[in-house]
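Here's query-v8.txt, which has compact mmCIF, C-alpha atoms and all ligand atoms:
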```txt
# COMPACT_ATOMS: atom_id res chain seq x y z
CA MET A 141 0.00 0.00 0.00
CA GLY A 142 1.64 3.22 -1.18
CA ILE A 143 1.02 6.41 0.81
CA VAL A 144 -0.09 9.69 -0.76
CA ASN A 145 -0.45 12.39 1.90
CA VAL A 146 -2.30 15.41 0.52
CA THR A 147 -1.35 17.46 3.57
CA PRO A 148 0.90 20.40 4.45
CA ASP A 149 2.04 18.79 7.74
CA SER A 150 2.44 14.98 7.56
CA PHE A 151 5.42 13.88 9.63
CA SER A 152 7.63 12.66 6.80
CA ASP A 153 6.27 14.06 3.54
CA GLY A 154 4.05 16.98 4.55
CA GLY A 155 3.81 19.57 1.79
CA CYS A 156 5.38 17.32 -0.87
CA HIS A 157 2.08 16.44 -2.56
CA ALA A 158 -0.31 19.05 -1.17
CA ASP A 159 -1.34 20.11 -4.67
CA PRO A 160 -3.86 17.66 -6.28
CA ALA A 161 -1.85 17.27 -9.51
CA ALA A 162 1.32 16.45 -7.55
CA ALA A 163 -0.61 13.99 -5.37
CA VAL A 164 -2.08 12.22 -8.42
CA ALA A 165 1.36 12.03 -10.03
CA ARG A 166 2.75 10.54 -6.81
CA GLY A 167 -0.05 7.93 -6.72
CA LEU A 168 0.64 6.91 -10.31
CA GLU A 169 4.37 6.74 -9.56
CA LEU A 170 3.83 4.49 -6.53
CA ALA A 171 1.56 2.21 -8.57
CA ALA A 172 4.27 1.96 -11.25
CA GLN A 173 6.75 1.02 -8.51
CA GLY A 174 4.54 -1.91 -7.53
CA ALA A 175 1.98 -0.67 -4.99
CA ASP A 176 -1.20 -2.77 -5.14
CA ILE A 177 -3.25 -0.19 -3.20
CA ILE A 178 -2.87 3.61 -3.11
CA ASP A 179 -3.82 5.20 0.23
CA VAL A 180 -4.85 8.86 0.02
CA GLY A 181 -4.98 10.94 3.21
CA GLY A 182 -5.83 14.59 3.86
CA GLU A 183 -5.35 14.81 7.64
CA SER A 184 -2.05 14.19 9.39
CA THR A 185 -2.24 11.84 12.37
CA ARG A 186 1.28 12.50 13.59
CA PRO A 187 1.54 12.92 17.37
CA GLY A 188 0.18 16.32 18.36
CA ALA A 189 -1.46 16.98 14.97
CA ALA A 190 -4.41 19.36 14.99
CA PRO A 191 -7.72 18.11 13.49
CA VAL A 192 -8.51 19.28 9.94
CA PRO A 193 -12.01 20.75 9.32
CA LEU A 194 -14.33 18.58 7.22
CA ALA A 195 -14.58 20.96 4.24
CA GLU A 196 -10.79 21.31 4.04
CA GLU A 197 -10.20 17.53 4.20
CA LEU A 198 -12.78 16.99 1.45
CA ARG A 199 -11.16 19.69 -0.67
CA ARG A 200 -7.76 18.01 -0.31
CA VAL A 201 -8.62 14.39 -0.99
CA LEU A 202 -11.65 14.18 -3.28
CA PRO A 203 -10.08 15.30 -6.58
CA VAL A 204 -7.10 13.02 -5.92
CA VAL A 205 -9.23 9.96 -5.08
CA ARG A 206 -11.48 10.59 -8.09
CA GLU A 207 -8.63 10.86 -10.56
CA LEU A 208 -6.56 7.98 -9.18
CA ALA A 209 -9.63 5.69 -9.05
CA ALA A 210 -10.36 6.53 -12.70
CA ARG A 211 -6.79 6.05 -13.89
CA LEU A 212 -5.60 3.06 -11.86
CA ASP A 213 -6.44 -0.61 -12.29
CA ARG A 214 -6.08 -1.23 -8.52
CA PRO A 215 -7.88 -0.12 -5.38
CA VAL A 216 -7.62 3.38 -3.95
CA SER A 217 -8.11 3.70 -0.21
CA ILE A 218 -9.08 6.76 1.80
CA ASP A 219 -7.17 7.42 5.03
CA THR A 220 -9.68 9.31 7.17
CA MET A 221 -11.36 9.29 10.57
CA LYS A 222 -14.45 11.14 9.29
CA PRO A 223 -17.46 9.17 8.00
CA GLU A 224 -18.42 12.11 5.75
CA VAL A 225 -15.02 12.05 4.04
CA ALA A 226 -15.12 8.26 3.74
CA ALA A 227 -18.61 8.41 2.17
CA ALA A 228 -17.61 11.06 -0.37
CA ALA A 229 -14.40 9.19 -1.21
CA VAL A 230 -16.28 5.91 -1.76
CA GLU A 231 -18.66 7.84 -4.02
CA ALA A 232 -15.57 9.14 -5.89
CA GLY A 233 -14.26 5.60 -6.39
CA ALA A 234 -12.37 4.57 -3.22
CA ALA A 235 -12.71 0.83 -2.55
CA LEU A 236 -11.21 0.81 0.94
CA ILE A 237 -11.65 2.99 4.06
CA ASN A 238 -8.53 3.27 6.22
CA ASP A 239 -9.91 4.52 9.53
CA VAL A 240 -7.17 5.16 12.06
CA GLY A 241 -9.90 6.45 14.40
CA ALA A 242 -11.29 2.91 14.52
CA ASN A 243 -14.78 4.31 14.13
CA ARG A 244 -15.19 4.78 17.89
CA ALA A 245 -16.66 8.24 17.94
CA ASP A 246 -19.34 7.76 15.35
CA PRO A 247 -21.43 4.70 14.41
CA ALA A 248 -21.96 6.36 11.01
CA MET A 249 -18.65 4.87 9.84
CA ALA A 250 -19.77 1.28 10.53
CA ARG A 251 -23.13 1.99 8.85
CA LEU A 252 -21.31 3.36 5.78
CA VAL A 253 -19.03 0.31 5.56
CA ALA A 254 -22.05 -2.01 5.82
CA ALA A 255 -24.09 -0.11 3.24
CA SER A 256 -21.28 0.51 0.74
CA GLY A 257 -19.59 -2.90 0.86
CA ALA A 258 -16.22 -1.10 0.90
CA GLY A 259 -13.19 -2.65 2.57
CA TYR A 260 -12.37 -1.29 6.03
CA ILE A 261 -9.10 -1.11 7.97
CA LEU A 262 -9.76 -1.32 11.69
CA MET A 263 -6.69 0.13 13.44
CA HIS A 264 -5.87 0.36 17.13
CA MET A 265 -5.16 3.81 18.55
CA ARG A 266 -5.00 4.85 22.21
CA GLY A 267 -6.48 8.36 22.59
CA THR A 268 -6.38 10.81 19.67
CA PRO A 269 -3.43 12.08 17.61
CA ALA A 270 -3.45 15.21 19.81
CA ASP A 271 -2.87 13.28 23.05
CA MET A 272 -1.93 9.68 22.14
CA GLN A 273 1.76 9.95 23.00
CA ARG A 274 1.20 11.38 26.51
CA ALA A 275 2.56 8.52 28.64
CA PRO A 276 0.72 5.60 27.00
CA ALA A 277 0.46 2.67 29.44
CA TYR A 278 -0.76 -0.91 29.07
CA GLY A 279 -0.68 -3.98 31.27
CA ASP A 280 -0.08 -6.28 28.29
CA VAL A 281 -0.07 -4.30 25.06
CA VAL A 282 -0.38 -7.34 22.77
CA ALA A 283 -3.35 -8.76 24.67
CA GLU A 284 -5.06 -5.35 24.94
CA VAL A 285 -4.69 -4.51 21.24
CA ALA A 286 -5.93 -8.00 20.30
CA GLU A 287 -8.96 -7.51 22.55
CA PHE A 288 -9.63 -4.09 20.98
CA LEU A 289 -9.53 -5.62 17.48
CA ARG A 290 -11.75 -8.56 18.49
CA THR A 291 -14.31 -6.17 20.03
CA GLY A 292 -14.13 -3.95 16.96
CA LEU A 293 -14.77 -6.88 14.64
CA ALA A 294 -17.81 -7.84 16.73
CA ARG A 295 -19.11 -4.25 16.71
CA LEU A 296 -18.73 -4.06 12.94
CA ALA A 297 -20.49 -7.41 12.51
CA ALA A 298 -23.37 -6.14 14.67
CA ALA A 299 -23.65 -3.15 12.31
CA GLY A 300 -23.97 -5.50 9.33
CA VAL A 301 -20.36 -5.47 8.08
CA ALA A 302 -19.20 -8.82 6.65
CA PRO A 303 -15.94 -10.12 8.19
CA GLU A 304 -14.50 -10.33 4.64
CA GLN A 305 -14.62 -6.52 4.41
CA VAL A 306 -12.31 -5.96 7.38
CA LEU A 307 -8.52 -5.78 7.69
CA LEU A 308 -6.75 -5.35 11.05
CA ASP A 309 -3.90 -3.05 12.06
CA VAL A 310 -2.13 -2.89 15.45
CA GLY A 311 -1.45 0.84 14.93
CA ILE A 312 2.30 1.13 15.34
CA GLY A 313 3.10 4.54 16.90
CA PHE A 314 -0.51 5.38 17.81
CA GLY A 315 -0.41 5.74 21.59
CA LYS A 316 2.59 3.44 22.10
CA THR A 317 6.11 3.68 23.49
CA LEU A 318 9.11 2.16 21.73
CA GLU A 319 8.74 -0.95 23.89
CA HIS A 320 5.01 -1.27 23.06
CA ASN A 321 5.78 -1.00 19.33
CA LEU A 322 8.48 -3.66 19.58
CA GLN A 323 6.20 -6.02 21.52
CA LEU A 324 3.42 -5.58 18.93
CA LEU A 325 5.86 -6.26 16.09
CA ALA A 326 7.23 -9.31 17.90
CA GLY A 327 3.65 -10.56 18.38
CA LEU A 328 2.41 -9.97 14.80
CA ALA A 329 1.97 -13.68 14.05
CA GLY A 330 -0.63 -13.84 16.83
CA PHE A 331 -2.71 -11.09 15.16
CA THR A 332 -2.90 -13.05 11.90
CA LYS A 333 -4.77 -15.69 13.93
CA LEU A 334 -7.69 -13.28 14.35
CA GLY A 335 -8.68 -14.51 10.90
CA ARG A 336 -8.46 -11.30 8.87
CA PRO A 337 -5.57 -9.85 6.82
CA VAL A 338 -3.16 -7.79 8.92
CA VAL A 339 -1.96 -4.35 7.78
CA LEU A 340 1.38 -3.01 9.06
CA GLY A 341 2.31 0.68 9.09
CA VAL A 342 5.92 1.23 10.16
CA SER A 343 7.07 3.46 7.32
CA ARG A 344 9.45 6.23 8.42
CA LYS A 345 8.13 6.07 12.00
CA SER A 346 10.08 7.49 14.92
CA PHE A 347 10.40 4.25 16.93
CA VAL A 348 13.08 3.22 14.40
CA SER A 349 15.17 6.25 15.35
CA HIS A 350 14.50 5.64 19.04
CA LEU A 351 15.85 2.08 18.81
CA LEU A 352 18.69 2.57 16.32
CA GLY A 353 19.73 6.14 17.15
CA VAL A 354 19.54 7.22 13.50
CA PRO A 355 18.18 10.51 12.12
CA PRO A 356 14.74 10.48 10.41
CA ALA A 357 16.30 10.28 6.93
CA ASP A 358 18.05 7.00 7.82
CA ARG A 359 15.07 4.94 9.00
CA LEU A 360 14.64 2.78 5.90
CA PRO A 361 16.93 -0.14 6.91
CA GLY A 362 15.10 -0.54 10.22
CA VAL A 363 11.74 -0.31 8.45
CA LEU A 364 12.74 -2.95 5.89
CA ALA A 365 13.82 -5.28 8.73
CA CYS A 366 10.30 -4.89 10.14
CA THR A 367 8.91 -5.58 6.66
CA THR A 368 10.76 -8.90 6.37
CA TRP A 369 9.77 -9.75 9.93
CA GLY A 370 6.14 -8.88 9.16
CA ALA A 371 6.11 -10.94 5.97
CA ARG A 372 7.41 -13.94 7.91
CA ALA A 373 4.68 -13.38 10.52
CA GLY A 374 1.99 -13.42 7.81
CA VAL A 375 1.24 -9.70 7.39
CA GLY A 376 -0.79 -9.13 4.23
CA VAL A 377 -0.50 -5.38 3.59
CA PHE A 378 2.51 -3.10 4.16
CA ARG A 379 1.69 0.61 4.24
CA THR A 380 4.74 2.51 2.97
CA HIS A 381 6.11 5.74 1.52
CA ASP A 382 8.99 3.74 0.00
CA VAL A 383 7.23 1.39 -2.37
CA ALA A 384 10.16 0.34 -4.57
CA ALA A 385 12.36 -0.67 -1.62
CA THR A 386 9.44 -2.42 0.10
CA ALA A 387 8.48 -4.35 -3.04
CA GLN A 388 12.07 -5.55 -3.45
CA THR A 389 12.28 -6.56 0.21
CA LEU A 390 9.04 -8.54 -0.07
CA ARG A 391 10.06 -10.22 -3.34
CA MET A 392 13.36 -11.33 -1.78
CA THR A 393 11.68 -12.56 1.41
CA GLU A 394 9.08 -14.46 -0.60
CA ALA A 395 11.71 -16.06 -2.88
CA LEU A 396 13.54 -17.37 0.17
CA ALA A 397 10.39 -18.47 1.98
CA ALA A 398 9.29 -20.43 -1.09
CA ARG A 399 12.53 -22.43 -0.97
CA GLU A 400 12.64 -22.98 2.77
CA LYS A 401 12.94 -26.65 3.64
N1 LIG A 501 0.01 5.42 9.99
C1 LIG A 501 -0.18 6.70 9.62
C2 LIG A 501 -1.35 7.06 8.91
N2 LIG A 501 -2.28 6.14 8.60
N3 LIG A 501 -3.03 3.90 8.59
C3 LIG A 501 -2.87 2.63 8.96
N4 LIG A 501 -3.79 1.70 8.64
N5 LIG A 501 -1.75 2.22 9.67
C4 LIG A 501 -0.78 3.08 10.04
O1 LIG A 501 0.19 2.67 10.71
C5 LIG A 501 -0.93 4.46 9.67
C6 LIG A 501 -2.10 4.84 8.95
C7 LIG A 501 0.85 7.73 9.90
O2 LIG A 501 1.74 7.86 8.84
P1 LIG A 501 1.69 8.97 7.66
O3 LIG A 501 0.45 8.85 6.84
O4 LIG A 501 2.94 8.87 6.90
O5 LIG A 501 1.76 10.35 8.42
P2 LIG A 501 0.66 11.45 8.76
O6 LIG A 501 -0.41 10.79 9.58
O7 LIG A 501 1.45 12.49 9.53
O8 LIG A 501 0.08 11.96 7.47
```

Reformat the file's structure so that it appears as structure tokens.
Amino acid sequence: MGIVNVTPDSFSDGGCHADPAAAVARGLELAAQGADIIDVGGESTRPGAAPVPLAEELRRVLPVVRELAARLDRPVSIDTMKPEVAAAAVEAGAALINDVGANRADPAMARLVAASGAGYILMHMRGTPADMQRAPAYGDVVAEVAEFLRTGLARLAAAGVAPEQVLLDVGIGFGKTLEHNLQLLAGLAGFTKLGRPVVLGVSRKSFVSHLLGVPPADRLPGVLACTTWGARAGVGVFRTHDVAATAQTLRMTEALAAREK
């Protein structure tokens, strides 16, 4: 899954593709590099990010979703916490709703997923982007995130969403310390046992710098190690800014796994 952030303030690529034409060009480029899904977002969720008003988020993402959906032969997803944005994006051609808000605040999101038949990424987040990194604490982070995802699946089913529509994401960096992120990564194989495809979002995230002591520009090796690890654990979707490097890493991992005796 290749990331197109149509934002002025995303943590790694804010402002790079804020103009719709640049964002569409980026989406086409990532598809050419091997992305099977293009994820378009108009609201940064970096720690401390301020919420974006509905009209502004719609203005940012809709033309990009519409054009990419028309021009690409693969699914476009909409990265949003707002049911209104998700609904308009589905109308514009998005096949997948990537809801980092996990649809807690508003049952309208679950109703939309049920009615539209769109795919839905259910991601774990503790708190909101504004406050999620203020001393996050868990007893057992792996067990608590698994419970959150199980409960979310049940809530979606009660709203009429078919299990086949849902993908699961542990939400690396969303209300987690370095140690929490590492424990969730180490436990990824357990999440694949929940019976739905697992999505992993580690791309360019700060926990890599916290562990390895490297500046933000040098996070790719650590991220690719997580990618190989995730592939071995059965992760189905890797959300990344660096599609070419990720595709190569996955091809190599798969070639070796296919020959493992
Ligand atoms: N991470 C980010 C945004 N959306 N969606 C899923 N499913 N999983 C993730 O881990 C995830 C996500 C944050 O990364 P990015 O889009 O690069 O930054 P920003 O939120 O600042 O735009």

Self-check item: Exercise answer, 6 Å around ligand LIG 501 (chain A) with all atoms listed in the file, as a list in words
Solution: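 So the residues close to ligand LIG 501 (chain A) are Asn145, Ser150, Phe151, Ser184, Thr185, Arg186, Asn238, Val240, Met263, Asp309, Gly311, Ile312, Gly341 and Val342 of chain A.
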
Quiz item: For Pro269 of chain A, which residue out of A:Arg251, A:Lys316, A:Arg290, A:Arg359 is the nearest one, using only C-alpha atoms?
Solution: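 Under the stated criterion, the closest residue is A:Lys316.
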
Sorted per-residue table, segment 342-398 of chain A near segment 174-180 of chain A, closest atoms and distance, 10 Å, only C-alpha atoms, as JSON lines:
```
{"residue": "A:Val377", "atom": "CA", "partner": "A:Ile177", "partner_atom": "CA", "distance": 9.0}
{"residue": "A:Phe378", "atom": "CA", "partner": "A:Ala175", "partner_atom": "CA", "distance": 9.5}
{"residue": "A:Arg379", "atom": "CA", "partner": "A:Asp179", "partner_atom": "CA", "distance": 8.2}
{"residue": "A:Thr380", "atom": "CA", "partner": "A:Ala175", "partner_atom": "CA", "distance": 9.0}
{"residue": "A:Asp382", "atom": "CA", "partner": "A:Ala175", "partner_atom": "CA", "distance": 9.7}
{"residue": "A:Val383", "atom": "CA", "partner": "A:Ala175", "partner_atom": "CA", "distance": 6.2}
{"residue": "A:Ala384", "atom": "CA", "partner": "A:Gly174", "partner_atom": "CA", "distance": 6.7}
{"residue": "A:Ala385", "atom": "CA", "partner": "A:Gly174", "partner_atom": "CA", "distance": 9.9}
{"residue": "A:Thr386", "atom": "CA", "partner": "A:Gly174", "partner_atom": "CA", "distance": 9.1}
{"residue": "A:Ala387", "atom": "CA", "partner": "A:Gly174", "partner_atom": "CA", "distance": 6.5}
{"residue": "A:Gln388", "atom": "CA", "partner": "A:Gly174", "partner_atom": "CA", "distance": 9.3}
```

Quiz item: With distances taken over only C-alpha atoms, which of A:Ala270, A:Met265, A:Leu252, A:Leu212 is nearest to Pro191 of chain A?
Solution: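 Closest candidate: A:Ala270.
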
Quiz item: For the atom pair atom CA of Thr368 of chain A and atom CA of Gly292 of chain A, what is the interatomic distance in Å to one decimal place?
Solution: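 For atom CA of Thr368 of chain A relative to atom CA of Gly292 of chain A, the distance reads 27.5 Å.
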
Quiz item: Which of these residues is nearest to Arg266 of chain A, using only C-alpha atoms: A:Ala254, A:Ala161, A:Val310, A:Ala228?
Solution: A:Val310

Quiz prompt | Ref. answer, residues at most 6 Å from (-4.3, 9.8, 5.3) with only C-alpha atoms, as a count of residues only | solution = 7

Quiz item: So how far away is atom CA of Lys345 of chain A from atom CA of Ala395 of chain A, in Å?
Solution: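 Rounded to one decimal, the two atoms are 26.9 Å apart.
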
Practice problem: In the coordinates of the file, take the point (9.2, 0.1, 8.7) and a cut-off of 6 Å; then, counting only C-alpha atoms, name each qualifying protein, DNA or RNA residue as a PyMOL selection string. | Solution: chain A and resi 342-343+363-364+366

Any chance you could export the current selection's C-alpha atoms as a PDB file, keeping the file's coordinate frame?
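What ended up in out-v3.pdb:
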```pdb
ATOM      1  CA  VAL A 342       5.920   1.230  10.160  1.00  0.00           C
ATOM      2  CA  SER A 343       7.070   3.460   7.320  1.00  0.00           C
ATOM      3  CA  VAL A 363      11.740  -0.310   8.450  1.00  0.00           C
ATOM      4  CA  LEU A 364      12.740  -2.950   5.890  1.00  0.00           C
ATOM      5  CA  CYS A 366      10.300  -4.890  10.140  1.00  0.00           C
TER       6      CYS A 366
END
```

Self-check item: Counting all atoms listed in the file, the option among A:Pro356, A:Gly154, A:Gln273, A:Ile261 closest to Leu340 of chain A
Solution: A:Ile261

Practice problem: Please indicate the distance in Å from atom CA of Arg200 of chain A to atom CA of Asp159 of chain A, rounded to one decimal place. | Solution: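 Interatomic distance here is 8.0 Å.
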
Quiz item: Given the choices A:Val306, A:Val339, A:Ala158, A:Ala286, which gets closest to Arg199 of chain A if the distance is worked out from all atoms listed in the file?
Solution: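 Closest to Arg199 of chain A, using all atoms listed in the file: A:Ala158.
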
Using all atoms listed in the file, find each residue of segment 242-292 of chain A with at least one atom at most 10 Å away from an atom of segment 317-333 of chain A; report its shortest atom-to-atom pair and that distance in Å (one decimal), sort the rows by chain and rising residue number, and return the result as JSON lines.
```
{"residue": "A:Gln273", "atom": "CA", "partner": "A:Thr317", "partner_atom": "CA", "distance": 7.6}
{"residue": "A:Arg274", "atom": "CA", "partner": "A:Thr317", "partner_atom": "CA", "distance": 9.6}
{"residue": "A:Ala275", "atom": "CA", "partner": "A:Thr317", "partner_atom": "CA", "distance": 7.9}
{"residue": "A:Pro276", "atom": "CA", "partner": "A:Thr317", "partner_atom": "CA", "distance": 6.7}
{"residue": "A:Ala277", "atom": "CA", "partner": "A:Thr317", "partner_atom": "CA", "distance": 8.3}
{"residue": "A:Tyr278", "atom": "CA", "partner": "A:His320", "partner_atom": "CA", "distance": 8.3}
{"residue": "A:Asp280", "atom": "CA", "partner": "A:His320", "partner_atom": "CA", "distance": 8.9}
{"residue": "A:Val281", "atom": "CA", "partner": "A:His320", "partner_atom": "CA", "distance": 6.2}
{"residue": "A:Val282", "atom": "CA", "partner": "A:Leu324", "partner_atom": "CA", "distance": 5.7}
{"residue": "A:Ala283", "atom": "CA", "partner": "A:Leu324", "partner_atom": "CA", "distance": 9.4}
{"residue": "A:Val285", "atom": "CA", "partner": "A:Leu324", "partner_atom": "CA", "distance": 8.5}
{"residue": "A:Ala286", "atom": "CA", "partner": "A:Phe331", "partner_atom": "CA", "distance": 6.8}
{"residue": "A:Leu289", "atom": "CA", "partner": "A:Phe331", "partner_atom": "CA", "distance": 9.0}
{"residue": "A:Arg290", "atom": "CA", "partner": "A:Phe331", "partner_atom": "CA", "distance": 10.0}
```

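All residues of protein, DNA or RNA that reach within 8 Å of Leu352 of chain A, judged by all atoms listed in the file and not counting those fewer than 3 positions away in the chain, are A:Val348, A:Ser349, A:Gly362.
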